[in-house]
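Structure first, commentary second.
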Amino acid sequence: MTTKIVLNGAKGRMGRAICDAASDGDFEFVSLCDIGDELGDAFKLADVIIDFSHHSATLGIVEKAVDHLKPVVIGTTGHDFAEREKIIAHSKSIPLVWSGNYSMGMNLLFYFAQKAAEALPELYEAEIIEAHHRHKKDAPSGTAMDIARRICKGRNWNLEDVIQYGREGITGERPRKQLGVHAIRGGDVVGDHTVQFFGQGERFELRHQATDRKVFAQGALSSASWVVGKAPGFYEMQDVLGLR
């Protein structure tokens, strides 16, 4: 059965990649829109909404989806903690799938990062390094923040209490209960993410490199098909892949 989609952010890099990946006939776009476009009755015609636009637009898209009781797949990043909580609150009314990264390989890294955080004692200090192309507008990446949330879940930490965005000046000794997140920008890097756990005498590392945006587009489309007909709730790519 064909899945009918409203795609918000269609003019962006990921929007174009999603359009290219949906050329097999399993998907139909009832609206290709971007920030400022008039949506009209498109939500009524759609089975699901995909948002890859700008963090300032996501809440409005989700609110409109709630009005029409349509599920939403969110790939937009850059939301602050308050924006994120307001959006997630709407999962009581509709199903939301939200991931900072829709590649299958990256979601295995999310899984293993959480398991490593659970298994290793806190004396193994965790740091996250991400690299993206020079045009990326937000930092750190949504993927890096998803990794951070996984590590905090594994260690029963509150992310806002322990996160450290880079370092400069006289910082003093690194506290055990801290999670460093570092962003690199340059060239045409699609997405590199590295997680390191530093122990005394050894270092454990997990790494994922994306070389083509089609892996994210394929994952977003799979999520769109999967979420149609699901009960209201907050879902992640881990749910789509059956990893939890």
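Note on naming: chains are A, B, ... as they come in the structure tokens, residues start from 1 per chain, ligands start from 1 in the order shown.
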
Using only C-alpha atoms, determine which residues lie at most 9 Å from Met106 (chain A), disregarding the query and same-chain residues fewer than 6 positions distant; provide the list as a short mmCIF file (atom, residue, chain, number, x, y, z; two decimals) with C-alpha atoms, in the first residue's frame.
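Saved to around-v4.cif:
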```cif
data_model
loop_
_atom_site.label_atom_id
_atom_site.label_comp_id
_atom_site.auth_asym_id
_atom_site.auth_seq_id
_atom_site.Cartn_x
_atom_site.Cartn_y
_atom_site.Cartn_z
CA THR A 143 22.92 12.63 16.55
CA HIS A 193 30.46 10.38 15.19
CA ARG A 207 32.61 5.06 15.60
CA HIS A 208 30.17 5.58 12.74
CA GLN A 209 30.83 7.31 9.40
CA ALA A 210 28.11 8.17 6.90
#
```

Problem - Selection: 9 Å around Asn8 (chain A), only C-alpha atoms, excl. self and same-chain fewer than 3 positions, as a ChimeraX atom specification - result: /A:11,15,31-35,49-53,61

List every residue of region 118-148 of chain A that has an atom at most 9 Å from any atom of region 170-187 of chain A, giving for each one its closest atom pair and the distance in Å to one decimal, counting only C-alpha atoms, sorted by chain and then by ascending residue number, as a tab-separated table.
```
residue	atom	partner	partner_atom	distance
A:Glu122	CA	A:Arg176	CA	6.5
A:Leu123	CA	A:Arg176	CA	6.4
A:Tyr124	CA	A:Arg176	CA	8.2
A:Glu125	CA	A:Arg176	CA	6.5
A:Ala126	CA	A:Leu179	CA	5.7
A:Glu127	CA	A:Gly180	CA	4.6
A:Ile128	CA	A:Val181	CA	4.8
A:Ile129	CA	A:His182	CA	4.8
A:Glu130	CA	A:Ala183	CA	5.1
A:Ala131	CA	A:Ile184	CA	4.5
A:His132	CA	A:Arg185	CA	5.2
A:His133	CA	A:Gly186	CA	4.9
A:Arg134	CA	A:Gly186	CA	4.2
A:His135	CA	A:Gly186	CA	8.0
A:Lys136	CA	A:Arg185	CA	7.7
A:Ala139	CA	A:Ala183	CA	6.3
A:Pro140	CA	A:Ala183	CA	5.5
A:Ser141	CA	A:Ala183	CA	7.6
A:Ala144	CA	A:Val181	CA	7.3
A:Met145	CA	A:Val181	CA	8.2
A:Ala148	CA	A:Leu179	CA	7.4
```

Write the selection just made, keeping C-alpha atoms, as a CSV table (one decimal), in the first residue's frame?
```
chain,number,residue,atom,x,y,z
A,122,GLU,CA,32.0,5.9,36.0
A,123,LEU,CA,35.8,5.9,36.1
A,124,TYR,CA,35.5,5.2,32.4
A,125,GLU,CA,35.0,8.8,31.3
A,126,ALA,CA,32.8,9.4,28.2
A,127,GLU,CA,33.4,11.9,25.4
A,128,ILE,CA,31.6,12.4,22.1
A,129,ILE,CA,33.2,14.0,19.0
A,130,GLU,CA,31.1,14.8,15.8
A,131,ALA,CA,32.1,16.2,12.5
A,132,HIS,CA,29.9,17.6,9.7
A,133,HIS,CA,30.1,19.7,6.5
A,134,ARG,CA,30.7,23.4,6.8
A,135,HIS,CA,27.0,24.3,5.9
A,136,LYS,CA,25.5,22.6,9.0
A,139,ALA,CA,26.0,22.3,16.9
A,140,PRO,CA,26.4,19.8,18.4
A,141,SER,CA,24.5,17.6,16.0
A,144,ALA,CA,25.6,13.6,19.1
A,145,MET,CA,22.8,14.7,21.5
A,148,ALA,CA,24.6,11.8,24.9
```

Practice task
Write down as a PyMOL selection string the residues of region 173-223 of chain A whose backbone DSSP state falls under helix (DSSP H, G or I).
Solution key: chain A and resi 214-223

Could those selected residues go to a file with N, CA and C atoms, as a JSON list (two decimals), in the first residue's frame?
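Writing done, so here's part-v9.json:
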```
[["chain", "number", "residue", "atom", "x", "y", "z"],
["A", 214, "LYS", "N", 21.60, 9.13, 1.60],
["A", 214, "LYS", "CA", 20.50, 8.22, 1.29],
["A", 214, "LYS", "C", 20.24, 7.25, 2.44],
["A", 215, "VAL", "N", 21.24, 6.96, 3.27],
["A", 215, "VAL", "CA", 21.00, 6.06, 4.40],
["A", 215, "VAL", "C", 20.04, 6.69, 5.40],
["A", 216, "PHE", "N", 20.11, 8.02, 5.57],
["A", 216, "PHE", "CA", 19.18, 8.72, 6.46],
["A", 216, "PHE", "C", 17.79, 8.78, 5.83],
["A", 217, "ALA", "N", 17.76, 9.05, 4.53],
["A", 217, "ALA", "CA", 16.48, 9.16, 3.82],
["A", 217, "ALA", "C", 15.73, 7.83, 3.85],
["A", 218, "GLN", "N", 16.44, 6.73, 3.61],
["A", 218, "GLN", "CA", 15.80, 5.42, 3.63],
["A", 218, "GLN", "C", 15.25, 5.09, 5.01],
["A", 219, "GLY", "N", 15.98, 5.46, 6.05],
["A", 219, "GLY", "CA", 15.52, 5.23, 7.41],
["A", 219, "GLY", "C", 14.31, 6.06, 7.76],
["A", 220, "ALA", "N", 14.28, 7.31, 7.30],
["A", 220, "ALA", "CA", 13.13, 8.18, 7.56],
["A", 220, "ALA", "C", 11.88, 7.64, 6.87],
["A", 221, "LEU", "N", 12.03, 7.17, 5.64],
["A", 221, "LEU", "CA", 10.89, 6.61, 4.91],
["A", 221, "LEU", "C", 10.40, 5.30, 5.54],
["A", 222, "SER", "N", 11.32, 4.48, 6.01],
["A", 222, "SER", "CA", 10.93, 3.25, 6.71],
["A", 222, "SER", "C", 10.16, 3.59, 7.98],
["A", 223, "SER", "N", 10.61, 4.64, 8.67],
["A", 223, "SER", "CA", 9.92, 5.08, 9.89],
["A", 223, "SER", "C", 8.52, 5.59, 9.57]]
```

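Counting only C-alpha atoms and comparing A:Phe112, A:Leu45, A:Gly201, A:Leu96, the residue that lies closest to Asp239 (chain A) is A:Leu96.
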
What are the closest atom pairs, with distances in Å to one decimal, for all residues of region 183-232 of chain A lying within 10 Å of region 65-73 of chain A? Consider only C-alpha atoms, order rows by chain and residue number, and present the result as JSON lines.
```
{"residue": "A:Ala220", "atom": "CA", "partner": "A:Val73", "partner_atom": "CA", "distance": 7.2}
{"residue": "A:Leu221", "atom": "CA", "partner": "A:Val73", "partner_atom": "CA", "distance": 8.8}
{"residue": "A:Ser223", "atom": "CA", "partner": "A:Val73", "partner_atom": "CA", "distance": 6.9}
{"residue": "A:Ala224", "atom": "CA", "partner": "A:Val73", "partner_atom": "CA", "distance": 6.2}
{"residue": "A:Ser225", "atom": "CA", "partner": "A:Val73", "partner_atom": "CA", "distance": 9.9}
{"residue": "A:Val227", "atom": "CA", "partner": "A:Pro71", "partner_atom": "CA", "distance": 6.8}
{"residue": "A:Val228", "atom": "CA", "partner": "A:Pro71", "partner_atom": "CA", "distance": 6.6}
{"residue": "A:Gly229", "atom": "CA", "partner": "A:Pro71", "partner_atom": "CA", "distance": 8.3}
{"residue": "A:Lys230", "atom": "CA", "partner": "A:Pro71", "partner_atom": "CA", "distance": 8.2}
{"residue": "A:Ala231", "atom": "CA", "partner": "A:Pro71", "partner_atom": "CA", "distance": 9.3}
{"residue": "A:Pro232", "atom": "CA", "partner": "A:Pro71", "partner_atom": "CA", "distance": 8.1}
```

Grab the residues selected above and save them as a short mmCIF file (atom, residue, chain, number, x, y, z; two decimals), in the first residue's frame with N, CA and C atoms.
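Output (selection16.cif):
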```cif
data_model
loop_
_atom_site.label_atom_id
_atom_site.label_comp_id
_atom_site.auth_asym_id
_atom_site.auth_seq_id
_atom_site.Cartn_x
_atom_site.Cartn_y
_atom_site.Cartn_z
N ALA A 220 14.28 7.31 7.30
CA ALA A 220 13.13 8.18 7.56
C ALA A 220 11.88 7.64 6.87
N LEU A 221 12.03 7.17 5.64
CA LEU A 221 10.89 6.61 4.91
C LEU A 221 10.40 5.30 5.54
N SER A 223 10.61 4.64 8.67
CA SER A 223 9.92 5.08 9.89
C SER A 223 8.52 5.59 9.57
N ALA A 224 8.39 6.29 8.44
CA ALA A 224 7.08 6.81 8.03
C ALA A 224 6.10 5.68 7.77
N SER A 225 6.55 4.63 7.08
CA SER A 225 5.68 3.48 6.83
C SER A 225 5.32 2.78 8.14
N VAL A 227 5.20 3.90 11.30
CA VAL A 227 4.44 4.61 12.33
C VAL A 227 2.95 4.75 12.00
N VAL A 228 2.59 4.59 10.72
CA VAL A 228 1.18 4.70 10.34
C VAL A 228 0.37 3.61 11.04
N GLY A 229 -0.65 4.01 11.76
CA GLY A 229 -1.48 3.06 12.47
C GLY A 229 -1.03 2.73 13.88
N LYS A 230 0.13 3.28 14.30
CA LYS A 230 0.60 3.04 15.66
C LYS A 230 -0.19 3.87 16.67
N ALA A 231 -0.21 3.41 17.92
CA ALA A 231 -0.88 4.15 18.99
C ALA A 231 -0.10 5.41 19.32
N PRO A 232 -0.76 6.44 19.85
CA PRO A 232 -0.03 7.64 20.29
C PRO A 232 1.11 7.25 21.24
#
```

Practice task
Looking only at strand (DSSP E) from DSSP on the backbone, list the matching residues of region 33-228 of chain A as a ChimeraX atom specification.
Solution key: /A:33,48-51,72-74,95-98,125-132,163-165,179-185,191-198,203-210

File of the preceding selection, N, CA and C atoms, as a CSV table (one decimal), in the first residue's frame:
```
chain,number,residue,atom,x,y,z
A,33,CYS,N,6.8,20.8,0.9
A,33,CYS,CA,6.8,22.2,1.4
A,33,CYS,C,8.0,22.6,2.2
A,48,VAL,N,1.0,10.4,6.9
A,48,VAL,CA,2.1,10.8,7.8
A,48,VAL,C,2.8,12.0,7.4
A,49,ILE,N,3.3,12.7,8.4
A,49,ILE,CA,4.1,14.0,8.1
A,49,ILE,C,5.6,13.7,8.4
A,50,ILE,N,6.4,14.1,7.5
A,50,ILE,CA,7.9,14.0,7.8
A,50,ILE,C,8.4,15.5,7.9
A,51,ASP,N,9.1,15.8,9.0
A,51,ASP,CA,9.7,17.1,9.1
A,51,ASP,C,11.2,17.1,9.2
A,72,VAL,N,3.8,11.8,13.0
A,72,VAL,CA,4.9,12.7,12.5
A,72,VAL,C,6.2,12.0,12.7
A,73,VAL,N,7.1,12.0,11.7
A,73,VAL,CA,8.5,11.6,11.8
A,73,VAL,C,9.3,12.8,11.8
A,74,ILE,N,10.1,13.0,12.8
A,74,ILE,CA,10.9,14.3,13.0
A,74,ILE,C,12.4,13.9,12.8
A,95,PRO,N,1.2,9.5,17.4
A,95,PRO,CA,2.5,8.9,17.5
A,95,PRO,C,3.6,9.8,16.8
A,96,LEU,N,4.7,9.9,17.5
A,96,LEU,CA,5.8,10.7,17.1
A,96,LEU,C,7.1,9.8,17.0
A,97,VAL,N,7.7,9.8,15.9
A,97,VAL,CA,9.0,9.1,15.7
A,97,VAL,C,10.1,10.2,15.6
A,98,TRP,N,11.1,10.2,16.5
A,98,TRP,CA,12.0,11.3,16.5
A,98,TRP,C,13.4,10.7,16.7
A,125,GLU,N,35.6,7.5,31.6
A,125,GLU,CA,35.0,8.8,31.3
A,125,GLU,C,34.6,8.9,29.8
A,126,ALA,N,33.4,9.4,29.5
A,126,ALA,CA,32.8,9.4,28.2
A,126,ALA,C,33.0,10.7,27.5
A,127,GLU,N,33.3,10.7,26.3
A,127,GLU,CA,33.4,11.9,25.4
A,127,GLU,C,32.9,11.6,24.0
A,128,ILE,N,32.2,12.6,23.4
A,128,ILE,CA,31.6,12.4,22.1
A,128,ILE,C,32.2,13.5,21.2
A,129,ILE,N,32.6,13.0,20.0
A,129,ILE,CA,33.2,14.0,19.0
A,129,ILE,C,32.4,13.8,17.7
A,130,GLU,N,31.9,14.9,17.1
A,130,GLU,CA,31.1,14.8,15.8
A,130,GLU,C,31.7,15.7,14.8
A,131,ALA,N,31.6,15.3,13.6
A,131,ALA,CA,32.1,16.2,12.5
A,131,ALA,C,31.1,16.2,11.4
A,132,HIS,N,30.8,17.4,10.8
A,132,HIS,CA,29.9,17.6,9.7
A,132,HIS,C,30.4,18.6,8.7
A,163,ILE,N,26.4,17.6,31.0
A,163,ILE,CA,27.0,17.9,29.6
A,163,ILE,C,27.9,19.0,29.7
A,164,GLN,N,29.0,18.9,28.9
A,164,GLN,CA,30.1,19.9,28.8
A,164,GLN,C,30.3,20.1,27.3
A,165,TYR,N,30.0,21.3,26.8
A,165,TYR,CA,30.2,21.6,25.3
A,165,TYR,C,31.6,22.2,25.1
A,179,LEU,N,30.1,14.7,30.8
A,179,LEU,CA,30.0,14.1,29.5
A,179,LEU,C,30.4,15.2,28.5
A,180,GLY,N,31.5,15.1,27.9
A,180,GLY,CA,32.0,16.1,26.9
A,180,GLY,C,31.4,15.8,25.5
A,181,VAL,N,31.0,16.9,24.9
A,181,VAL,CA,30.5,16.8,23.5
A,181,VAL,C,31.2,17.9,22.7
A,182,HIS,N,31.8,17.5,21.5
A,182,HIS,CA,32.7,18.4,20.8
A,182,HIS,C,32.2,18.4,19.3
A,183,ALA,N,32.2,19.5,18.7
A,183,ALA,CA,31.7,19.6,17.3
A,183,ALA,C,32.8,20.1,16.4
A,184,ILE,N,33.0,19.5,15.2
A,184,ILE,CA,33.9,19.9,14.2
A,184,ILE,C,33.2,20.2,12.9
A,185,ARG,N,33.5,21.3,12.2
A,185,ARG,CA,32.8,21.6,11.0
A,185,ARG,C,33.8,21.9,9.8
A,191,GLY,N,28.7,13.0,7.9
A,191,GLY,CA,28.5,12.8,9.3
A,191,GLY,C,29.4,11.8,9.9
A,192,ASP,N,30.3,12.2,10.8
A,192,ASP,CA,31.1,11.3,11.5
A,192,ASP,C,30.9,11.4,13.0
A,193,HIS,N,30.7,10.3,13.7
A,193,HIS,CA,30.5,10.4,15.2
A,193,HIS,C,31.3,9.3,15.9
A,194,THR,N,32.0,9.8,16.9
A,194,THR,CA,32.9,8.9,17.7
A,194,THR,C,32.6,9.0,19.2
A,195,VAL,N,32.4,7.9,19.9
A,195,VAL,CA,32.2,7.9,21.3
A,195,VAL,C,33.4,7.2,21.9
A,196,GLN,N,34.0,7.8,22.9
A,196,GLN,CA,35.2,7.2,23.6
A,196,GLN,C,34.9,7.1,25.1
A,197,PHE,N,35.3,6.0,25.6
A,197,PHE,CA,35.3,5.8,27.1
A,197,PHE,C,36.7,5.6,27.5
A,198,PHE,N,37.2,6.6,28.3
A,198,PHE,CA,38.6,6.6,28.7
A,198,PHE,C,38.8,6.0,30.1
A,203,ARG,N,41.3,2.5,26.4
A,203,ARG,CA,40.3,3.3,25.8
A,203,ARG,C,39.4,2.5,24.9
A,204,PHE,N,38.1,2.6,25.1
A,204,PHE,CA,37.1,1.9,24.3
A,204,PHE,C,36.4,2.9,23.4
A,205,GLU,N,36.3,2.5,22.1
A,205,GLU,CA,35.8,3.5,21.1
A,205,GLU,C,34.8,2.9,20.2
A,206,LEU,N,33.7,3.7,20.0
A,206,LEU,CA,32.7,3.3,19.0
A,206,LEU,C,32.7,4.4,17.9
A,207,ARG,N,32.6,4.0,16.6
A,207,ARG,CA,32.6,5.1,15.6
A,207,ARG,C,31.7,4.7,14.5
A,208,HIS,N,31.0,5.7,13.9
A,208,HIS,CA,30.2,5.6,12.7
A,208,HIS,C,30.5,6.7,11.7
A,209,GLN,N,30.6,6.3,10.5
A,209,GLN,CA,30.8,7.3,9.4
A,209,GLN,C,29.8,7.1,8.3
A,210,ALA,N,29.1,8.2,8.0
A,210,ALA,CA,28.1,8.2,6.9
A,210,ALA,C,28.7,8.8,5.7
```

Which residues are near Met237 (chain A)? Cut-off 7 Å, only C-alpha atoms, ignore same chain within fewer than 3 positions. Put them as a short mmCIF file (atom, residue, chain, number, x, y, z; two decimals) with C-alpha atoms, in the first residue's frame.
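around31.cif was written with the following content:
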```cif
data_model
loop_
_atom_site.label_atom_id
_atom_site.label_comp_id
_atom_site.auth_asym_id
_atom_site.auth_seq_id
_atom_site.Cartn_x
_atom_site.Cartn_y
_atom_site.Cartn_z
CA SER A 99 15.68 10.56 15.92
CA TYR A 102 17.90 7.56 10.83
CA ASN A 107 21.20 3.29 15.66
CA VAL A 240 11.36 0.94 14.17
CA LEU A 241 14.30 -1.49 14.01
#
```

Practice task
Check the smallest atom-to-atom distance from each of A:Glu118, A:Glu236, A:Asp24, A:Asp41 to Met104 (chain A) using only C-alpha atoms, then report the winner.
Solution key: A:Glu236

Practice task
Return the single residue from A:Leu59, A:Val189, A:Cys152, A:Met14 that is closest to Ala113 (chain A), with distances computed using only C-alpha atoms.
Solution key: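 Of all the options, A:Cys152 lies closest to Ala113 (chain A).
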
Problem - Shell around Lys115 (chain A) at 10 Å using only C-alpha atoms, local window under 4 positions removed, as JSON, numbers by chain - result: {"A": [109, 110, 111, 119, 120, 150, 151, 153, 154, 155]}

Exercise for the section: Find the distance between CA of Thr211 (chain A) and CA of Tyr235 (chain A) and write it in Å to one decimal. Expected result: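 Separation of CA of Thr211 (chain A) and CA of Tyr235 (chain A): 25.9 Å.
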
Practice task
Would you please work out which residue, of A:Ala10, A:Gln238, A:Gly78, A:Ala116, is nearest to Asp37 (chain A) when using only C-alpha atoms?
Solution key: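 Closest to Asp37 (chain A) of all the choices is A:Ala10.
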
Exercise for the section: Return the single residue from A:Val190, A:Asp161, A:Glu83, A:Gly100 that is closest to Ile147 (chain A), with distances computed using only C-alpha atoms. Expected result: A:Gly100

Practice task
Work out how far CA of Ser103 (chain A) is from CA of Gly242 (chain A), in Å to one decimal.
Solution key: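 Rounded to one decimal, the two atoms are 13.9 Å apart.
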
Handout entry: Which of A:Leu243, A:Ile94, A:Ala57, A:Leu159 sits closest to Gly36 (chain A) [using only C-alpha atoms]
Key =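 Closest candidate: A:Ala57.
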